[in-house]
file input_27.cif (mmCIF, C-alpha atoms)
data_entry
loop_
_atom_site.label_atom_id
_atom_site.label_comp_id
_atom_site.auth_asym_id
_atom_site.auth_seq_id
_atom_site.Cartn_x
_atom_site.Cartn_y
_atom_site.Cartn_z
CA MET D 23 -32.03 -1.85 14.92
CA LYS D 24 -32.30 -1.67 11.16
CA TYR D 25 -32.53 -4.78 9.08
CA ALA D 26 -31.34 -5.37 5.53
CA ILE D 27 -33.42 -8.48 5.04
CA GLU D 28 -36.51 -9.52 7.01
CA VAL D 29 -38.11 -12.84 6.23
CA GLU D 30 -41.19 -14.13 8.00
CA GLY D 31 -42.78 -17.54 7.52
CA LEU D 32 -41.26 -18.10 4.11
CA THR D 33 -42.60 -21.31 2.60
CA LYS D 34 -42.17 -22.88 -0.79
CA HIS D 35 -43.41 -26.32 -1.79
CA TYR D 36 -41.86 -28.45 -4.47
CA LYS D 37 -42.78 -31.98 -5.33
CA ASP D 38 -39.98 -33.47 -3.26
CA PHE D 39 -38.83 -30.55 -1.14
CA THR D 40 -40.39 -27.97 1.13
CA LEU D 41 -38.85 -24.80 2.38
CA ASP D 42 -40.65 -24.78 5.67
CA ASN D 43 -41.73 -21.63 7.45
CA VAL D 44 -38.34 -19.89 7.43
CA SER D 45 -38.03 -16.66 9.42
CA PHE D 46 -34.95 -14.55 10.07
CA ARG D 47 -33.70 -11.00 10.13
CA VAL D 48 -30.35 -9.82 8.83
CA PRO D 49 -29.17 -6.73 10.73
CA ALA D 50 -27.92 -3.92 8.49
CA GLY D 51 -24.15 -3.54 8.63
CA SER D 52 -23.43 -7.18 9.32
CA ILE D 53 -22.07 -10.13 7.44
CA VAL D 54 -24.28 -13.18 7.67
CA GLY D 55 -23.13 -16.64 6.64
CA PHE D 56 -25.74 -19.07 5.46
CA ILE D 57 -24.73 -22.71 5.69
CA GLY D 58 -26.33 -26.05 5.02
CA GLU D 59 -25.85 -29.15 2.92
CA ASN D 60 -26.51 -29.33 -0.79
CA GLY D 61 -30.25 -29.38 -1.24
CA ALA D 62 -30.96 -28.01 2.23
CA GLY D 63 -32.75 -25.01 0.74
CA LYS D 64 -30.12 -22.27 0.56
CA THR D 65 -30.64 -21.36 -3.07
CA THR D 66 -34.41 -21.68 -2.76
CA THR D 67 -34.32 -19.25 0.16
CA ILE D 68 -32.18 -16.76 -1.74
CA LYS D 69 -34.29 -17.00 -4.87
CA ALA D 70 -37.47 -16.54 -2.87
CA ILE D 71 -36.01 -13.48 -1.14
CA LEU D 72 -35.14 -11.99 -4.52
CA ASP D 73 -38.54 -12.88 -5.95
CA LEU D 74 -36.98 -15.05 -8.62
CA ILE D 75 -39.38 -17.81 -7.64
CA GLN D 76 -42.90 -17.39 -6.39
CA ARG D 77 -43.33 -18.21 -2.73
CA ASP D 78 -46.31 -20.07 -1.36
CA ALA D 79 -46.42 -18.19 1.92
CA GLY D 80 -44.53 -15.65 3.97
CA THR D 81 -43.35 -12.08 3.75
CA VAL D 82 -40.05 -10.62 2.64
CA ARG D 83 -38.70 -7.15 3.26
CA ILE D 84 -35.45 -6.01 1.69
CA LEU D 85 -33.80 -2.76 2.71
CA GLU D 86 -36.96 -1.90 4.60
CA ARG D 87 -39.19 -2.27 1.58
CA GLU D 88 -41.93 -4.87 1.31
CA ASN D 89 -41.15 -7.35 -1.49
CA GLY D 90 -37.94 -5.50 -2.29
CA GLY D 91 -37.07 -8.05 -4.93
CA ARG D 92 -39.84 -6.68 -7.13
CA ASP D 93 -38.97 -3.09 -6.46
CA LYS D 94 -36.80 -1.40 -9.09
CA GLU D 95 -35.37 1.08 -6.67
CA VAL D 96 -34.40 -1.61 -4.20
CA LYS D 97 -32.90 -3.76 -6.93
CA GLU D 98 -30.57 -0.88 -7.76
CA GLN D 99 -29.15 -1.29 -4.28
CA ILE D 100 -28.69 -5.04 -4.28
CA GLY D 101 -25.73 -6.81 -5.80
CA VAL D 102 -26.30 -10.50 -6.38
CA ILE D 103 -23.63 -13.04 -7.22
CA PHE D 104 -24.67 -16.55 -8.17
CA ASP D 105 -22.48 -19.59 -8.52
CA GLU D 106 -22.84 -19.37 -12.28
CA CYS D 107 -21.95 -16.37 -14.35
CA TYR D 108 -24.90 -15.32 -16.43
CA PHE D 109 -23.23 -12.91 -18.82
CA PRO D 110 -23.56 -13.80 -22.49
CA ASP D 111 -20.52 -15.69 -23.74
CA GLY D 112 -19.52 -13.26 -26.44
CA LEU D 113 -19.06 -10.20 -24.22
CA ARG D 114 -15.80 -8.63 -23.18
CA VAL D 115 -15.25 -6.47 -20.08
CA VAL D 116 -15.97 -3.27 -22.04
CA ASP D 117 -19.21 -4.72 -23.35
CA VAL D 118 -20.33 -5.68 -19.87
CA ASN D 119 -19.65 -2.14 -18.77
CA GLN D 120 -21.64 -0.77 -21.68
CA MET D 121 -24.56 -3.03 -20.86
CA MET D 122 -24.59 -2.30 -17.12
CA ARG D 123 -24.50 1.43 -17.76
CA GLN D 124 -27.88 1.06 -19.38
CA ILE D 125 -29.23 -1.05 -16.55
CA TYR D 126 -28.12 0.67 -13.37
CA ARG D 127 -28.76 4.32 -12.73
CA CYS D 128 -25.79 4.61 -10.40
CA TRP D 129 -23.38 2.56 -12.51
CA ASP D 130 -19.78 3.61 -11.90
CA SER D 131 -17.63 2.69 -14.90
CA ASP D 132 -14.37 3.81 -13.28
CA LYS D 133 -15.03 1.67 -10.27
CA PHE D 134 -15.88 -1.29 -12.44
CA PHE D 135 -12.73 -0.99 -14.54
CA ASN D 136 -10.69 -0.61 -11.38
CA TYR D 137 -12.09 -3.84 -10.01
CA CYS D 138 -11.44 -5.58 -13.32
CA LYS D 139 -7.86 -4.40 -13.23
CA GLU D 140 -7.42 -5.37 -9.59
CA PHE D 141 -8.86 -8.81 -10.32
CA GLY D 142 -6.63 -9.21 -13.35
CA LEU D 143 -9.51 -9.77 -15.77
CA PRO D 144 -8.28 -9.85 -19.38
CA GLU D 145 -9.65 -6.95 -21.43
CA LYS D 146 -9.44 -8.64 -24.78
CA LYS D 147 -10.97 -11.98 -23.94
CA GLU D 148 -14.61 -12.87 -24.16
CA VAL D 149 -16.52 -14.24 -21.18
CA LYS D 150 -16.56 -17.73 -22.62
CA GLU D 151 -12.78 -17.83 -22.43
CA PHE D 152 -12.75 -16.78 -18.78
CA SER D 153 -11.78 -19.27 -16.09
CA ARG D 154 -14.32 -20.06 -13.39
CA GLY D 155 -12.55 -17.73 -10.96
CA MET D 156 -12.51 -14.90 -13.49
CA LYS D 157 -16.23 -15.28 -14.09
CA VAL D 158 -16.98 -15.02 -10.37
CA LYS D 159 -14.70 -12.01 -10.11
CA LEU D 160 -16.51 -10.39 -13.01
CA SER D 161 -19.84 -10.93 -11.23
CA ILE D 162 -18.42 -9.46 -8.05
CA GLY D 163 -17.02 -6.50 -9.96
CA VAL D 164 -20.48 -5.83 -11.36
CA ALA D 165 -22.21 -6.29 -8.01
CA LEU D 166 -19.91 -3.76 -6.36
CA SER D 167 -20.02 -1.10 -9.06
CA HIS D 168 -23.55 0.21 -8.81
CA GLN D 169 -23.51 1.49 -5.24
CA ALA D 170 -25.24 -1.48 -3.74
CA ARG D 171 -25.94 -1.49 -0.03
CA LEU D 172 -26.63 -5.19 0.14
CA ILE D 173 -24.56 -7.95 -1.44
CA ILE D 174 -26.05 -11.42 -1.71
CA LEU D 175 -23.88 -14.36 -2.71
CA ASP D 176 -25.16 -17.78 -3.47
CA ASP D 177 -22.28 -20.18 -3.10
CA ALA D 178 -20.20 -18.03 -5.40
CA CYS D 179 -16.84 -18.74 -3.82
CA GLY D 180 -17.00 -22.53 -3.78
CA ALA D 181 -15.05 -22.96 -6.97
CA LEU D 182 -12.31 -20.53 -6.09
CA ASP D 183 -8.85 -21.17 -4.74
CA PRO D 184 -7.87 -19.93 -1.26
CA VAL D 185 -5.86 -17.00 -2.59
CA VAL D 186 -8.74 -15.60 -4.59
CA ARG D 187 -11.22 -16.30 -1.80
CA ASN D 188 -9.03 -14.34 0.55
CA GLU D 189 -8.95 -11.40 -1.84
CA ILE D 190 -12.72 -11.54 -1.96
CA LEU D 191 -13.05 -11.62 1.82
CA ASP D 192 -10.90 -8.49 1.89
CA ILE D 193 -13.22 -6.84 -0.59
CA PHE D 194 -16.21 -7.62 1.60
CA MET D 195 -14.45 -6.29 4.68
CA ASP D 196 -13.82 -3.11 2.70
CA PHE D 197 -17.43 -3.03 1.62
CA ILE D 198 -18.79 -3.17 5.17
CA GLN D 199 -16.63 -0.28 6.33
CA GLU D 200 -19.78 1.67 5.51
CA GLU D 201 -22.01 1.05 8.48
CA ASP D 202 -25.18 0.29 6.56
CA HIS D 203 -23.59 -2.12 4.11
CA THR D 204 -24.61 -5.72 4.48
CA VAL D 205 -23.34 -9.02 3.09
CA PHE D 206 -25.43 -12.16 3.02
CA LEU D 207 -23.52 -15.15 1.76
CA SER D 208 -24.24 -18.80 1.42
CA SER D 209 -21.17 -20.98 1.25
CA HIS D 210 -19.76 -24.39 1.91
CA ILE D 211 -16.42 -22.98 2.87
CA THR D 212 -17.09 -22.81 6.56
CA SER D 213 -13.61 -21.55 7.41
CA ASP D 214 -14.30 -18.33 5.47
CA ILE D 215 -17.58 -17.92 7.28
CA GLU D 216 -15.91 -18.55 10.59
CA LYS D 217 -13.49 -15.72 9.97
CA ILE D 218 -15.58 -12.79 8.87
CA CYS D 219 -19.24 -13.45 9.60
CA ASP D 220 -21.10 -11.78 12.44
CA TYR D 221 -24.00 -14.20 12.36
CA ILE D 222 -24.37 -17.72 11.13
CA MET D 223 -27.58 -19.34 10.03
CA LEU D 224 -27.98 -23.02 9.37
CA ILE D 225 -30.65 -24.62 7.27
CA HIS D 226 -31.34 -28.33 7.21
CA GLN D 227 -33.93 -30.13 5.09
CA GLY D 228 -35.81 -26.93 4.41
CA LYS D 229 -35.95 -25.86 8.05
CA LEU D 230 -33.95 -23.07 9.61
CA LEU D 231 -32.20 -24.62 12.60
CA PHE D 232 -30.55 -21.54 13.99
CA PHE D 233 -29.57 -17.95 13.41
CA GLU D 234 -26.81 -17.23 15.91
CA ASN D 235 -24.23 -14.68 16.85
CA LYS D 236 -21.02 -16.30 15.61
CA ASP D 237 -18.96 -15.54 18.70
CA ALA D 238 -21.61 -17.03 20.94
CA LEU D 239 -21.70 -20.08 18.75
CA LEU D 240 -17.95 -20.63 18.70
CA TYR D 241 -17.38 -19.91 22.37
CA HIS D 242 -20.30 -21.87 23.72
CA TYR D 243 -20.50 -24.89 21.49
CA GLY D 244 -18.09 -27.69 22.11
CA ILE D 245 -17.44 -31.31 21.37
CA VAL D 246 -17.36 -33.68 24.29
CA ARG D 247 -15.61 -37.00 23.86
CA CYS D 248 -16.65 -39.49 26.46
CA THR D 249 -17.73 -42.99 27.36
CA GLU D 250 -21.25 -44.32 27.00
CA GLU D 251 -21.84 -43.92 30.78
CA GLN D 252 -20.63 -40.34 30.75
CA TYR D 253 -22.89 -39.64 27.80
CA LYS D 254 -25.89 -40.90 29.72
CA ALA D 255 -24.98 -38.65 32.63
CA LEU D 256 -24.94 -35.52 30.46
CA ASP D 257 -27.69 -32.94 30.90
CA PRO D 258 -29.96 -33.54 27.87
CA ASN D 259 -30.50 -29.80 27.53
CA LEU D 260 -26.86 -29.42 26.60
CA ILE D 261 -26.86 -32.01 23.85
CA VAL D 262 -27.23 -30.82 20.30
CA GLY D 263 -26.01 -33.79 18.33
CA MET D 264 -23.90 -36.89 18.75
CA ARG D 265 -21.89 -39.52 16.92
CA ARG D 266 -20.91 -42.92 18.21
CA ASN D 267 -17.98 -45.06 17.32
CA ARG D 268 -16.73 -48.28 18.80
CA PHE D 269 -14.49 -46.61 21.34
CA GLU D 270 -16.16 -43.37 22.34
CA VAL D 271 -19.17 -41.12 22.04
CA GLU D 272 -18.75 -37.65 20.56
CA VAL D 273 -21.37 -35.15 21.63
CA LEU D 274 -21.94 -31.65 20.35
CA VAL D 275 -22.97 -29.50 23.31
CA ASN D 276 -24.31 -25.95 23.30
CA ASN D 277 -22.61 -24.74 26.46
CA ARG D 278 -19.17 -26.11 27.06
CA GLN D 279 -18.40 -23.60 29.85
CA VAL D 280 -21.08 -25.10 32.07
CA LEU D 281 -19.60 -28.54 31.60
CA GLU D 282 -16.04 -27.35 32.17
CA GLU D 283 -17.05 -25.78 35.46
CA HIS D 284 -19.00 -28.67 36.86
CA SER D 285 -17.27 -31.75 35.65
CA HIS D 286 -13.59 -31.96 35.00
CA ASP D 287 -13.46 -35.49 33.72
CA TYR D 288 -14.93 -34.79 30.29
CA VAL D 289 -12.66 -34.17 27.34
CA ILE D 290 -14.05 -31.02 25.75
CA ASP D 291 -12.85 -29.38 22.54
CA PRO D 292 -14.10 -26.20 20.95
CA ALA D 293 -16.33 -26.87 17.95
CA SER D 294 -15.71 -25.31 14.55
CA VAL D 295 -18.54 -24.19 12.30
CA GLU D 296 -17.82 -27.16 10.08
CA GLU D 297 -18.18 -29.60 12.95
CA ILE D 298 -21.40 -27.97 14.09
CA LEU D 299 -22.77 -28.36 10.57
CA LEU D 300 -21.70 -31.99 10.41
CA TYR D 301 -23.17 -32.99 13.74
CA VAL D 302 -26.42 -31.18 13.17
CA ALA D 303 -26.87 -32.60 9.69
CA LYS D 304 -26.07 -36.11 10.86
CA SER D 305 -28.28 -36.22 13.89
CA SER D 306 -30.92 -33.69 12.79
CA VAL D 307 -31.85 -32.73 16.30
CA THR D 308 -33.35 -29.27 16.47
CA LEU D 309 -31.13 -26.90 18.36
CA ARG D 310 -32.33 -25.70 21.74
CA MET T 22 -0.40 0.18 18.37
CA ASN T 23 -0.03 -3.57 18.09
CA ILE T 24 -2.73 -6.11 18.59
CA ILE T 25 -1.76 -9.71 18.17
CA ILE T 26 -4.43 -12.35 17.91
CA SER T 27 -3.89 -16.04 18.38
CA ASN T 28 -6.42 -18.46 17.03
CA SER T 29 -5.12 -21.33 19.09
CA SER T 30 -4.88 -19.72 22.51
CA GLY T 31 -8.36 -20.89 23.47
CA LYS T 32 -9.09 -17.41 24.78
CA PRO T 33 -11.95 -15.70 22.96
CA ILE T 34 -10.71 -13.13 20.46
CA TYR T 35 -12.61 -10.27 22.09
CA GLU T 36 -10.85 -11.06 25.36
CA GLN T 37 -7.49 -11.01 23.64
CA ILE T 38 -8.28 -7.57 22.26
CA THR T 39 -9.55 -6.15 25.55
CA ALA T 40 -6.60 -7.58 27.48
CA GLN T 41 -4.08 -6.04 25.09
CA ILE T 42 -5.75 -2.64 24.98
CA LYS T 43 -6.08 -2.62 28.78
CA ALA T 44 -2.39 -3.43 29.07
CA MET T 45 -1.53 -0.57 26.72
CA VAL T 46 -3.62 1.84 28.77
CA MET T 47 -2.09 0.70 32.04
CA ASN T 48 1.50 0.81 30.88
CA GLY T 49 1.06 4.16 29.19
CA THR T 50 1.44 3.13 25.54
CA LEU T 51 -2.00 4.61 25.09
CA SER T 52 -2.70 7.95 26.74
CA PRO T 53 -6.05 9.43 27.70
CA GLY T 54 -7.73 11.00 24.68
CA ASP T 55 -5.92 8.78 22.17
CA PRO T 56 -8.27 7.61 19.44
CA LEU T 57 -8.76 3.90 18.86
CA PRO T 58 -9.27 2.48 15.38
CA SER T 59 -12.92 2.11 14.40
CA MET T 60 -14.47 -1.25 15.12
CA ARG T 61 -14.93 -1.89 11.45
CA LEU T 62 -11.35 -1.02 10.57
CA LEU T 63 -10.01 -3.21 13.34
CA ALA T 64 -12.20 -6.07 12.15
CA LYS T 65 -11.02 -5.63 8.60
CA GLU T 66 -7.34 -5.50 9.46
CA LEU T 67 -7.39 -8.44 11.83
CA ARG T 68 -9.75 -10.30 9.50
CA ILE T 69 -12.26 -10.96 12.24
CA SER T 70 -15.93 -10.14 12.43
CA VAL T 71 -17.30 -6.76 13.46
CA ILE T 72 -19.39 -8.41 16.14
CA THR T 73 -16.14 -9.48 17.84
CA THR T 74 -14.53 -6.05 17.83
CA LYS T 75 -17.83 -4.55 18.92
CA ARG T 76 -17.96 -6.87 21.90
CA ALA T 77 -14.36 -5.99 22.79
CA TYR T 78 -15.06 -2.25 22.68
CA GLU T 79 -18.25 -2.63 24.66
CA ASP T 80 -16.39 -4.52 27.36
CA LEU T 81 -13.64 -1.89 27.42
CA GLU T 82 -16.23 0.82 27.74
CA ARG T 83 -18.03 -1.03 30.52
CA ASP T 84 -14.75 -1.40 32.37
CA GLY T 85 -14.08 2.31 32.02
CA PHE T 86 -11.04 2.16 29.76
CA ILE T 87 -12.51 3.84 26.72
CA THR T 88 -15.41 6.01 25.80
CA THR T 89 -17.30 5.89 22.53
CA ILE T 90 -18.85 8.96 21.00
CA VAL T 91 -21.39 8.26 18.27
CA GLY T 92 -20.15 9.53 14.94
CA LYS T 93 -16.68 10.29 16.27
CA GLY T 94 -15.25 7.02 17.43
CA SER T 95 -13.71 5.52 20.54
CA PHE T 96 -11.12 7.18 22.75
CA VAL T 97 -8.99 6.21 25.69
CA ARG T 98 -10.49 7.55 28.87
CA GLU T 99 -8.78 9.43 31.65
CA ALA T 100 -7.79 6.42 33.66
CA ASP T 101 -9.36 6.03 37.05
CA ARG T 102 -6.29 5.41 39.20
CA GLU T 103 -8.14 3.36 41.77
CA PHE T 104 -9.56 1.26 39.05
CA VAL T 105 -6.29 0.65 37.25
CA LYS T 106 -4.69 -0.31 40.55
CA GLU T 107 -7.48 -2.75 41.19
CA GLU T 108 -7.11 -4.32 37.77
CA GLN T 109 -3.38 -4.73 38.32
CA LEU T 110 -3.97 -6.26 41.71
CA LYS T 111 -6.49 -8.63 40.24
CA ALA T 112 -3.99 -9.81 37.66
CA VAL T 113 -1.31 -10.43 40.28
CA GLU T 114 -3.77 -12.19 42.58
CA GLN T 115 -4.78 -14.51 39.82
CA HIS T 116 -1.23 -15.75 39.33
CA LEU T 117 -0.49 -15.94 43.02
CA GLN T 118 -3.60 -17.98 43.55
CA ALA T 119 -2.25 -20.56 41.13
CA ALA T 120 1.05 -20.59 43.03
CA VAL T 121 -0.74 -21.01 46.36
CA ASP T 122 -2.80 -23.87 44.98
CA THR T 123 0.30 -25.65 43.76
CA ALA T 124 2.12 -25.05 47.05
CA ARG T 125 -0.80 -26.47 49.03
CA GLN T 126 -0.92 -29.48 46.81
CA TYR T 127 2.72 -30.23 47.65
CA GLY T 128 2.29 -29.40 51.32
CA MET T 129 4.46 -26.30 51.31
CA SER T 130 4.05 -23.83 54.18
CA VAL T 131 3.25 -20.13 53.86
CA GLU T 132 6.76 -19.33 55.09
CA GLU T 133 8.37 -21.44 52.44
CA LEU T 134 6.17 -19.95 49.76
CA THR T 135 6.89 -16.39 50.90
CA GLU T 136 10.56 -17.20 50.85
CA VAL T 137 10.33 -18.34 47.23
CA LEU T 138 8.35 -15.24 46.30
CA LYS T 139 10.90 -12.93 47.91
CA MET T 140 13.73 -14.72 46.19
CA LEU T 141 12.07 -14.49 42.79
CA TYR T 142 11.18 -10.82 43.24
CA GLU T 143 14.66 -9.80 44.29
CA GLU T 144 16.31 -11.76 41.53
CA LEU T 145 14.83 -9.39 39.00
#

call {"tool": "encode", "arguments": {"input": "input_27.cif", "output": "structure tokens"}}
result
Amino acid sequence: MKYAIEVEGLTKHYKDFTLDNVSFRVPAGSIVGFIGENGAGKTTTIKAILDLIQRDAGTVRILERENGGRDKEVKEQIGVIFDECYFPDGLRVVDVNQMMRQIYRCWDSDKFFNYCKEFGLPEKKEVKEFSRGMKVKLSIGVALSHQARLIILDDACGALDPVVRNEILDIFMDFIQEEDHTVFLSSHITSDIEKICDYIMLIHQGKLLFFENKDALLYHYGIVRCTEEQYKALDPNLIVGMRRNRFEVEVLVNNRQVLEEHSHDYVIDPASVEEILLYVAKSSVTLR
Amino acid sequence: MNIIISNSSGKPIYEQITAQIKAMVMNGTLSPGDPLPSMRLLAKELRISVITTKRAYEDLERDGFITTIVGKGSFVREADREFVKEEQLKAVEQHLQAAVDTARQYGMSVEELTEVLKMLYEEL
């Protein structure tokens, strides 16, 4: 299998935070959702992959090239969208086009203007007058107009309304119609991730807790609601996280089918990505 | 070709897809040789992940309903009559099993149950 991103033992120390020995591989042609709380290390990971910060240890391969983030040719093929829009305030859409034409060898002006039209970006206005949504759309327009094979988003959709986010999900689904096109997105909007992602990775306090096939995650994980006695009787291998309240115990389990087969007296609900994130973050038990 | 996905049915999405495509093959809506949409197109249209459609197609291929040719796509296979029959039988058995379980629970005899079955069948 080919991989768009390969990260091995990535480590970065800050005074009060450590990105700790993170390893994962993003298969080419997939959409990977990267979730975690604020400050869990998502942006640090993305910046380290892109070589925007110096890492203390570990190796990174992008599009099968060692340290792709430093490689001009590889950079041509990566589109990155951050949560902030970094275009100078005084530019209009035509100016951005002019600038990008100088930067990217494969810049496609027609494509870019088409996206701008589709996104309803005003031609006459300057970037500083753009709404938050427009700025993100502009960044996406740029990322998709230089024949990138890999799109990386760092929490870019968080500020957008559901209608716009949906449009953007459509654009990504279009993008991955090419079999070697890959999307790697970090987001807090777990419902979006639940819909379109093939794999989900969760980071917590600088540690990667899992990188899982989304279907496996959604079909196997479940939330058991039970009494204290029932909780004690549960196979500890199944337990991923738990929350207690005065009337019941809620337990996140990693294989609800096993439980359903063997014991009928548990109340078991499927777990959403959001719930998995919540339970894991709250109880910080390492999965599996 | 219609594929209708429910998010609340509790049945995994790939199973919903395989069940519906199997039904279309068995009732003749899809004929041998008919092309299926690409996994990526299906994922895009239904707004689900490619890994889900891939799983569905792999299961369909394993069960002999479709064949996938690299670079060309997936096609409905010449149905194995024995196999189709077996699948149909399996489906009927599944429902009858539920009826038998219920009947047993209420202490109904085989004769009574058969009577009900006959009645229901002839009504249609």

call {"tool": "resolve_selection", "arguments": {"input": "input_27.cif", "expression": "the PyMOL selection byres ((chain D) within 10 of (chain T))", "output": "JSON, numbers by chain"}}
result
{"D": [51, 52, 53, 188, 191, 192, 193, 194, 195, 196, 197, 198, 199, 200, 201, 215, 216, 217, 218, 219, 220, 221, 235, 236, 237, 238, 240, 241, 291, 292]}

call {"tool": "write_last_selection", "arguments": {"input": "input_27.cif", "atoms": "C-alpha atoms", "output": "CSV table (one decimal), keeping the file's coordinate frame"}}
result
chain,number,residue,atom,x,y,z
D,51,GLY,CA,-24.2,-3.5,8.6
D,52,SER,CA,-23.4,-7.2,9.3
D,53,ILE,CA,-22.1,-10.1,7.4
D,188,ASN,CA,-9.0,-14.3,0.6
D,191,LEU,CA,-13.0,-11.6,1.8
D,192,ASP,CA,-10.9,-8.5,1.9
D,193,ILE,CA,-13.2,-6.8,-0.6
D,194,PHE,CA,-16.2,-7.6,1.6
D,195,MET,CA,-14.4,-6.3,4.7
D,196,ASP,CA,-13.8,-3.1,2.7
D,197,PHE,CA,-17.4,-3.0,1.6
D,198,ILE,CA,-18.8,-3.2,5.2
D,199,GLN,CA,-16.6,-0.3,6.3
D,200,GLU,CA,-19.8,1.7,5.5
D,201,GLU,CA,-22.0,1.0,8.5
D,215,ILE,CA,-17.6,-17.9,7.3
D,216,GLU,CA,-15.9,-18.6,10.6
D,217,LYS,CA,-13.5,-15.7,10.0
D,218,ILE,CA,-15.6,-12.8,8.9
D,219,CYS,CA,-19.2,-13.4,9.6
D,220,ASP,CA,-21.1,-11.8,12.4
D,221,TYR,CA,-24.0,-14.2,12.4
D,235,ASN,CA,-24.2,-14.7,16.8
D,236,LYS,CA,-21.0,-16.3,15.6
D,237,ASP,CA,-19.0,-15.5,18.7
D,238,ALA,CA,-21.6,-17.0,20.9
D,240,LEU,CA,-18.0,-20.6,18.7
D,241,TYR,CA,-17.4,-19.9,22.4
D,291,ASP,CA,-12.8,-29.4,22.5
D,292,PRO,CA,-14.1,-26.2,21.0

call {"tool": "residues_around", "arguments": {"input": "input_27.cif", "residues": "Gln120 of chain D", "least_positions_apart": "5", "cutoff": "10 Å", "atoms": "all atoms listed in the file", "output": "compact mmCIF listing (two decimals) with C-alpha atoms, keeping the file's coordinate frame"}}
result
# COMPACT_ATOMS: atom_id res chain seq x y z
CA ARG D 114 -15.80 -8.63 -23.18
CA VAL D 115 -15.25 -6.47 -20.08
CA ILE D 125 -29.23 -1.05 -16.55
CA TRP D 129 -23.38 2.56 -12.51
CA SER D 131 -17.63 2.69 -14.90

call {"tool": "resolve_selection", "arguments": {"input": "input_27.cif", "expression": "the PyMOL selection byres ((chain T and resi 93) around 12)", "output": "JSON, numbers by chain"}}
result
{"T": [56, 57, 58, 59, 60, 88, 89, 90, 91, 92, 94, 95, 96]}

call {"tool": "residues_around", "arguments": {"input": "input_27.cif", "residues": "Phe206 of chain D", "least_positions_apart": "6", "cutoff": "7 Å", "atoms": "all atoms listed in the file", "output": "PyMOL selection string"}}
result
chain D and resi 53-55+173-175

call {"tool": "write_last_selection", "arguments": {"input": "input_27.cif", "atoms": "C-alpha atoms", "output": "CSV table (one decimal), in the coordinates of the input"}}
result
chain,number,residue,atom,x,y,z
D,53,ILE,CA,-22.1,-10.1,7.4
D,54,VAL,CA,-24.3,-13.2,7.7
D,55,GLY,CA,-23.1,-16.6,6.6
D,173,ILE,CA,-24.6,-8.0,-1.4
D,174,ILE,CA,-26.0,-11.4,-1.7
D,175,LEU,CA,-23.9,-14.4,-2.7

call {"tool": "resolve_selection", "arguments": {"input": "input_27.cif", "expression": "the PyMOL selection byres ((chain T and resi 105) around 10)", "output": "list in words"}}
result
Lys43, Ala44, Val46, Met47, Asp84, Gly85, Phe86, Ala100, Asp101, Arg102, Glu103, Phe104, Lys106, Glu107, Glu108, Gln109, Leu110 and Lys111 of chain T

call {"tool": "atom_distance", "arguments": {"input": "input_27.cif", "atom1": "atom CA of Leu231 of chain D", "atom2": "atom CA of Gly63 of chain D"}}
result
11.9 Å

call {"tool": "axis_aligned_box", "arguments": {"input": "input_27.cif", "around": "segment 112-117 of chain T", "padding_each_side": "3 Å", "output": "JSON"}}
result
{"center_x": -2.6, "center_y": -12.9, "center_z": 40.3, "size_x": 10.3, "size_y": 12.1, "size_z": 11.4}

call {"tool": "closest_residue", "arguments": {"input": "input_27.cif", "among": "D:Pro144, D:Pro184, D:Gly155, D:Gly244", "to": "Met264 of chain D", "atoms": "all atoms listed in the file"}}
result
D:Gly244

call {"tool": "residues_around", "arguments": {"input": "input_27.cif", "residues": "Asp38 of chain D", "least_positions_apart": "3", "cutoff": "12 Å", "atoms": "all atoms listed in the file", "output": "ChimeraX atom specification"}}
result
/D:34-35,41,61-63,227-228

call {"tool": "atom_distance", "arguments": {"input": "input_27.cif", "atom1": "atom CA of Lys133 of chain D", "atom2": "atom CA of Glu98 of chain D"}}
result
15.9 Å

call {"tool": "closest_residue", "arguments": {"input": "input_27.cif", "among": "T:Gln126, T:Thr74, T:Ser52, T:Thr135", "to": "Glu36 of chain T", "atoms": "all atoms listed in the file"}}
result
T:Thr74

call {"tool": "closest_residue", "arguments": {"input": "input_27.cif", "among": "D:Asp176, D:Asp287, D:Glu86, D:Asp257", "to": "Asp105 of chain D", "atoms": "all atoms listed in the file"}}
result
D:Asp176
